[in-house]
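Listing of target23.tsv; format and content: TSV, C-alpha atoms.
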```tsv
chain	number	residue	atom	x	y	z
A	24	MET	CA	0.00	0.00	0.00
A	25	LEU	CA	1.38	3.38	-1.01
A	26	THR	CA	2.18	5.83	1.77
A	27	MET	CA	2.55	9.60	1.56
A	28	PHE	CA	6.33	9.11	1.47
A	29	HIS	CA	5.98	6.84	-1.59
A	30	TRP	CA	3.86	9.42	-3.41
A	31	VAL	CA	6.30	12.23	-2.59
A	32	SER	CA	9.15	10.02	-3.81
A	33	ILE	CA	7.37	9.22	-7.08
A	34	PHE	CA	6.60	12.86	-7.91
A	35	SER	CA	10.07	14.05	-6.85
A	36	ILE	CA	11.78	11.44	-9.04
A	37	LEU	CA	9.57	12.25	-12.03
A	38	LEU	CA	10.24	15.96	-11.58
A	39	ILE	CA	14.03	15.62	-11.36
A	40	THR	CA	14.09	13.18	-14.31
A	41	ILE	CA	12.04	15.46	-16.57
A	42	GLY	CA	14.17	18.41	-15.43
A	43	GLY	CA	17.34	16.54	-16.38
A	44	GLY	CA	16.04	15.63	-19.83
A	45	PHE	CA	14.45	18.99	-20.61
A	46	LEU	CA	17.58	20.68	-21.97
A	47	PRO	CA	18.55	17.95	-24.49
A	48	LEU	CA	14.95	17.34	-25.55
A	49	PHE	CA	13.93	20.97	-26.07
A	50	ARG	CA	17.22	22.92	-26.30
A	51	GLN	CA	19.37	20.61	-28.35
A	52	ASP	CA	22.08	23.12	-29.36
A	53	ARG	CA	22.68	24.21	-25.75
A	54	ALA	CA	22.66	20.59	-24.56
A	55	ARG	CA	25.52	19.63	-26.88
A	56	ALA	CA	27.64	22.42	-25.40
A	57	ALA	CA	26.90	21.54	-21.75
A	58	GLN	CA	29.70	20.08	-19.63
A	59	GLY	CA	27.59	18.17	-17.10
A	60	PHE	CA	28.00	18.22	-13.32
A	61	PRO	CA	31.31	16.49	-12.47
A	62	MET	CA	31.37	17.37	-8.74
A	63	GLY	CA	27.75	16.29	-8.33
A	64	GLN	CA	28.47	12.98	-10.04
A	65	ALA	CA	31.57	12.44	-7.88
A	66	PHE	CA	29.49	13.12	-4.75
A	67	ALA	CA	26.79	10.71	-5.98
A	68	SER	CA	29.43	7.99	-6.49
A	69	GLY	CA	30.36	8.23	-2.81
A	70	VAL	CA	26.70	8.04	-1.82
A	71	PHE	CA	26.17	4.96	-4.01
A	72	LEU	CA	29.26	3.27	-2.58
A	73	ALA	CA	28.13	3.77	1.01
A	74	LEU	CA	24.55	2.73	0.21
A	75	SER	CA	25.74	-0.48	-1.41
A	76	LEU	CA	28.18	-1.61	1.28
A	77	THR	CA	26.85	-0.10	4.53
A	78	ILE	CA	23.07	-0.37	4.02
A	79	MET	CA	21.89	-2.61	1.16
A	80	LEU	CA	24.31	-5.53	1.43
A	81	PRO	CA	24.25	-5.76	5.28
A	82	ASN	CA	20.43	-5.66	5.21
A	83	GLY	CA	20.44	-8.42	2.61
A	84	PHE	CA	22.73	-10.55	4.81
A	85	HIS	CA	20.54	-9.91	7.86
A	86	LEU	CA	17.29	-10.88	6.11
A	87	PHE	CA	18.77	-14.00	4.49
A	88	ALA	CA	20.16	-15.08	7.88
A	89	LYS	CA	16.68	-14.74	9.42
A	90	THR	CA	14.86	-16.57	6.62
A	91	PHE	CA	17.49	-19.30	5.99
A	92	PRO	CA	19.36	-19.71	9.30
A	93	ALA	CA	20.81	-23.09	8.29
A	94	VAL	CA	22.38	-21.74	5.08
A	95	SER	CA	25.94	-20.48	5.56
A	96	TYR	CA	26.51	-19.50	1.92
A	97	PRO	CA	26.58	-15.68	1.43
A	98	LEU	CA	23.42	-15.43	-0.69
A	99	ALA	CA	23.31	-11.63	-0.43
A	100	SER	CA	26.76	-11.38	-2.01
A	101	LEU	CA	25.72	-13.81	-4.75
A	102	PHE	CA	22.70	-11.70	-5.77
A	103	ALA	CA	24.75	-8.49	-5.57
A	104	ILE	CA	27.43	-9.96	-7.84
A	105	MET	CA	24.79	-11.23	-10.28
A	106	ALA	CA	23.31	-7.74	-10.60
A	107	TYR	CA	26.78	-6.21	-10.94
A	108	LEU	CA	27.87	-8.62	-13.68
A	109	PHE	CA	24.56	-8.29	-15.55
A	110	LEU	CA	24.93	-4.50	-15.70
A	111	LEU	CA	28.61	-4.88	-16.63
A	112	ALA	CA	27.62	-7.11	-19.56
A	113	LEU	CA	25.02	-4.57	-20.70
A	114	GLY	CA	27.64	-1.84	-20.38
A	115	HIS	CA	30.08	-3.75	-22.60
A	116	LEU	CA	27.31	-4.31	-25.15
A	117	ALA	CA	26.39	-0.61	-25.18
A	118	THR	CA	30.04	0.46	-25.50
A	119	ALA	CA	30.76	-1.99	-28.31
A	120	THR	CA	27.64	-0.94	-30.22
A	121	LYS	CA	28.44	2.74	-29.77
A	122	HIS	CA	31.99	2.32	-31.11
A	123	MET	CA	30.68	0.33	-34.07
A	124	ASP	CA	28.16	3.05	-34.95
A	125	GLU	CA	30.67	5.88	-34.47
A	126	ASP	CA	32.93	4.25	-37.06
A	127	LYS	CA	30.10	4.28	-39.60
A	128	LEU	CA	27.96	7.35	-38.92
A	129	ALA	CA	28.22	10.86	-37.57
A	130	VAL	CA	24.77	10.36	-36.07
A	131	THR	CA	24.27	7.14	-34.10
A	132	THR	CA	21.63	4.55	-34.93
A	133	PRO	CA	18.69	4.04	-32.53
A	134	VAL	CA	20.41	0.95	-31.09
A	135	VAL	CA	22.69	3.01	-28.83
A	136	PRO	CA	20.02	5.05	-26.97
A	137	ILE	CA	17.75	1.99	-26.76
A	138	ILE	CA	20.48	-0.10	-25.11
A	139	MET	CA	21.38	2.83	-22.87
A	140	THR	CA	17.72	3.14	-21.83
A	141	ILE	CA	17.55	-0.56	-20.95
A	142	MET	CA	20.87	-0.38	-19.09
A	143	ILE	CA	19.70	2.56	-16.96
A	144	ALA	CA	16.01	1.65	-16.64
A	145	ILE	CA	16.61	-1.85	-15.22
A	146	PRO	CA	18.70	-0.69	-12.23
A	147	SER	CA	16.35	2.27	-11.81
A	148	PHE	CA	13.45	-0.16	-11.47
A	149	PHE	CA	15.28	-2.24	-8.84
A	150	LEU	CA	16.30	0.86	-6.90
A	151	GLY	CA	12.66	1.98	-6.90
A	152	THR	CA	11.63	-1.47	-5.68
A	153	ALA	CA	14.25	-1.28	-2.92
A	154	LEU	CA	12.80	2.06	-1.87
A	155	GLY	CA	9.30	0.61	-1.91
A	156	VAL	CA	10.15	-2.29	0.42
A	157	SER	CA	12.37	-0.28	2.81
A	158	ASP	CA	11.37	1.46	6.02
A	159	TYR	CA	11.16	5.26	6.12
A	160	GLU	CA	14.73	5.93	7.32
A	161	SER	CA	16.42	3.68	4.76
A	162	GLY	CA	13.95	4.73	2.07
A	163	LEU	CA	14.84	8.39	2.61
A	164	ILE	CA	18.53	7.70	1.97
A	165	ILE	CA	17.70	5.65	-1.13
A	166	LEU	CA	15.49	8.49	-2.40
A	167	PHE	CA	18.33	10.96	-1.89
A	168	ALA	CA	20.69	8.74	-3.91
A	169	ILE	CA	18.14	8.23	-6.69
A	170	LEU	CA	17.53	11.98	-6.97
A	171	ALA	CA	21.30	12.61	-7.03
A	172	HIS	CA	21.62	10.39	-10.09
A	173	LYS	CA	18.32	10.54	-11.93
A	174	GLY	CA	18.69	14.08	-13.26
A	175	THR	CA	22.16	13.57	-14.74
A	176	ALA	CA	21.16	10.15	-16.09
A	177	GLY	CA	18.11	11.73	-17.74
A	178	PHE	CA	20.32	14.41	-19.28
A	179	ALA	CA	22.84	11.90	-20.69
A	180	LEU	CA	20.12	9.58	-21.98
A	181	ALA	CA	18.11	12.35	-23.65
A	182	LEU	CA	21.30	13.71	-25.24
A	183	SER	CA	22.06	10.28	-26.69
A	184	MET	CA	18.51	10.06	-28.05
A	185	VAL	CA	18.52	13.43	-29.82
A	186	ARG	CA	21.90	12.64	-31.38
A	187	SER	CA	20.49	9.45	-32.91
A	188	THR	CA	18.21	8.91	-35.88
A	189	LEU	CA	15.17	8.40	-33.64
A	190	LYS	CA	12.17	10.54	-34.56
A	191	ARG	CA	10.93	13.01	-31.97
A	192	PRO	CA	7.81	10.97	-30.96
A	193	GLN	CA	10.03	7.91	-30.51
A	194	VAL	CA	12.46	9.91	-28.36
A	195	LEU	CA	9.63	11.14	-26.12
A	196	VAL	CA	8.18	7.62	-25.71
A	197	LEU	CA	11.59	6.13	-24.92
A	198	PHE	CA	12.39	8.87	-22.42
A	199	CYS	CA	9.00	8.44	-20.73
A	200	LEU	CA	9.72	4.72	-20.30
A	201	PHE	CA	12.98	5.61	-18.57
A	202	ALA	CA	11.31	8.27	-16.41
A	203	CYS	CA	8.63	5.80	-15.25
A	204	SER	CA	11.04	2.94	-14.42
A	205	THR	CA	11.80	4.04	-10.84
A	206	PRO	CA	8.20	5.04	-9.93
A	207	LEU	CA	7.06	1.67	-11.30
A	208	GLY	CA	9.60	-0.04	-9.04
A	209	ILE	CA	8.25	1.90	-6.05
A	210	LEU	CA	4.71	0.79	-6.89
A	211	VAL	CA	5.80	-2.84	-7.14
A	212	GLY	CA	7.83	-2.69	-3.92
A	213	ALA	CA	5.03	-1.02	-1.96
A	214	ASP	CA	2.27	-3.30	-3.25
A	215	VAL	CA	3.98	-6.63	-2.56
A	216	HIS	CA	3.22	-6.12	1.14
A	217	ASP	CA	-0.45	-6.77	0.32
A	218	TYR	CA	0.22	-10.07	-1.48
A	219	LEU	CA	3.17	-11.74	0.26
A	220	SER	CA	3.24	-13.39	3.69
A	221	GLY	CA	5.75	-12.43	6.38
A	222	HIS	CA	8.35	-15.11	5.55
A	223	THR	CA	7.97	-14.70	1.77
A	224	MET	CA	8.13	-10.94	2.13
A	225	MET	CA	11.43	-11.20	4.01
A	226	ILE	CA	12.89	-13.34	1.22
A	227	PHE	CA	11.65	-10.85	-1.39
A	228	LYS	CA	13.20	-7.93	0.51
A	229	ALA	CA	16.49	-9.82	0.95
A	230	VAL	CA	16.72	-10.52	-2.78
A	231	ILE	CA	15.75	-6.97	-3.81
A	232	LEU	CA	18.12	-5.28	-1.36
A	233	SER	CA	20.98	-7.59	-2.38
A	234	LEU	CA	20.35	-6.90	-6.07
A	235	ALA	CA	20.15	-3.18	-5.29
A	236	SER	CA	23.52	-3.44	-3.53
A	237	GLY	CA	25.09	-4.72	-6.74
A	238	VAL	CA	23.31	-2.00	-8.73
A	239	PHE	CA	24.55	0.80	-6.44
A	240	LEU	CA	28.08	-0.65	-6.50
A	241	PHE	CA	28.01	-0.66	-10.31
A	242	MET	CA	26.62	2.89	-10.43
A	243	ALA	CA	29.45	4.02	-8.13
A	244	THR	CA	32.27	2.34	-10.05
A	245	LEU	CA	31.70	1.26	-13.65
A	246	HIS	CA	28.57	3.05	-14.83
A	247	GLU	CA	29.24	4.42	-18.35
A	248	MET	CA	32.48	2.42	-18.39
A	249	LYS	CA	35.49	4.59	-19.30
A	250	HIS	CA	33.40	7.71	-18.64
A	251	SER	CA	32.53	6.50	-15.12
A	252	PRO	CA	32.43	9.33	-12.55
A	253	MET	CA	34.65	7.20	-10.28
A	254	ILE	CA	37.35	7.25	-12.98
A	255	VAL	CA	36.82	10.61	-14.70
A	256	ASP	CA	35.40	12.97	-12.07
A	257	CYS	CA	37.11	11.58	-8.96
A	258	CYS	CA	40.68	11.70	-10.32
A	259	THR	CA	41.06	15.37	-9.29
A	260	LYS	CA	41.53	16.52	-5.71
A	261	LYS	CA	38.13	18.26	-5.65
A	262	GLY	CA	36.41	15.27	-7.22
A	263	PHE	CA	37.96	12.83	-4.74
A	264	ILE	CA	36.96	15.08	-1.82
A	265	ALA	CA	33.40	15.21	-3.19
A	266	LEU	CA	33.41	11.39	-3.39
A	267	LEU	CA	34.62	11.09	0.22
A	268	PHE	CA	32.07	13.69	1.35
A	269	GLY	CA	29.22	11.71	-0.21
A	270	PHE	CA	30.48	8.45	1.29
A	271	ILE	CA	31.04	9.86	4.79
A	272	ILE	CA	27.66	11.61	4.96
A	273	THR	CA	25.80	8.45	3.92
A	274	ALA	CA	27.86	6.24	6.25
A	275	LEU	CA	27.18	8.61	9.17
A	276	VAL	CA	23.45	8.60	8.40
A	277	ARG	CA	23.57	4.79	8.47
A	278	LEU	CA	25.33	4.96	11.86
A	279	LEU	CA	22.68	7.31	13.24
A	280	ILE	CA	19.91	5.00	11.97
A	281	GLY	CA	21.57	2.08	13.76
A	282	ILE	CA	21.87	4.04	17.00
A	283	ALA	CA	18.24	5.17	16.77
A	284	HIS	CA	17.06	1.60	16.19
A	285	THR	CA	19.15	0.32	19.11
A	286	GLY	CA	17.76	2.97	21.42
A	287	HIS	CA	14.22	2.27	20.25
A	288	THR	CA	14.47	-1.50	20.79
A	289	GLY	CA	16.28	-1.00	24.08
```
Representation of the structure as structure tokens:
Amino acid sequence: MLTMFHWVSIFSILLITIGGGFLPLFRQDRARAAQGFPMGQAFASGVFLALSLTIMLPNGFHLFAKTFPAVSYPLASLFAIMAYLFLLALGHLATATKHMDEDKLAVTTPVVPIIMTIMIAIPSFFLGTALGVSDYESGLIILFAILAHKGTAGFALALSMVRSTLKRPQVLVLFCLFACSTPLGILVGADVHDYLSGHTMMIFKAVILSLASGVFLFMATLHEMKHSPMIVDCCTKKGFIALLFGFIITALVRLLIGIAHTGHTG
């Protein structure tokens, strides 16, 4: 069942996504001259790193331990690695296709933005689902991370679309599919509470949070491959400081959540 927080998250994500894609979609000449937001992307990489390894993966381990106490195999790590490798494979496919098209055409074929949309929409859906199944405190941090990335991702994706041979109606439909991926994940994550039992729900949350851990880790490290913010934007002193700032803030928030929970249960 959707709460007020879920609705606020959905509208905030849609707003930031549309805002990010507005410039490439409606001001194409200005979009091609834009330089992006390197410090913001470096900061977001630190947030993603902390979310993956201090919140998502530990929660996945905790839930798997409660649902399968006799299983010693690290299932949370397995699901995280599966998500990471799946996105890495998609990234290699997108990069290879892009290089192939750049050798042939000045304007890319529709294959590149379509693959990019799939590569970004799939993790966006899982991150939305993770938000939908999380409690308010964890959900708020996930929302912050999604908002930190969604605008720049929308900008990059829309720019790729307008530089391709896609017609304008096709561009708008494809961008809308991307924009709706995270809200759809929130809807799915929130609604499963009405259909799954307590034990099944715990398994579902463990799987989703573990997959989200792999997604966040990928977004922090290898997203966009050689253009990854971790490689490009964090190589400068300012970029590395922004990365550390994002990581430390998120890690401290996780610490405060743990203290609050301990005090509440005590």
note = Atom pair CA of Phe167 (chain A) + CA of Leu86 (chain A), distance 23.3 Å
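Near region 233-239 of chain A, within 7 Å and counting all atoms listed in the file, sit Phe71, Leu72, Leu74, Ser75, Leu76, Met79, Leu80, Gly83, Ala99, Ser100, Phe102, Ala103, Ile104, Ala106, Tyr107, Pro146, Phe149, Leu150, Ala153, Ala229 and Ala243 of chain A; same-chain residues fewer than 4 positions away were not included.
Residues in contact with Tyr159 (chain A) at up to 8 Å, not including ones fewer than 3 positions away on its chain and judged by all atoms listed in the file, are Phe28, Gly162 and Leu163 of chain A.
Minimum atom-to-atom distances from A:Gly262, A:Gly69, A:Pro47, A:Gly42 to Leu240 (chain A) were compared using all atoms listed in the file, and the lowest value belongs to A:Gly69.
For the set A:Ser95, A:Thr40, A:Thr188, A:Asn82, the residue with the smallest atom-to-atom gap to Ser147 (chain A) is A:Thr40, counting all atoms listed in the file.
Nearest to Gly151 (chain A) of all the residues A:Ile36, A:Leu180, A:Lys260, A:Ala73 is A:Ile36, counting only C-alpha atoms.
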inquiry  = I need the residue nearest Gly43 (chain A) from this list: A:Leu101, A:Ile226, A:Leu189, A:Ala176. Use only C-alpha atoms for the distance.
reply    = A:Ala176
task = Name the closest residue to Ala274 (chain A) among the candidates A:Ile39, A:Ile164, A:Ile145, A:Met27; distances are taken between atoms, counting all atoms listed in the file.
result = A:Ile164
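One distance worth recording is that between CA of Phe178 (chain A) and CA of Leu37 (chain A), which is 13.1 Å.
A straight line drawn from CA of Ala171 (chain A) to CA of Met224 (chain A) is 28.5 Å long.
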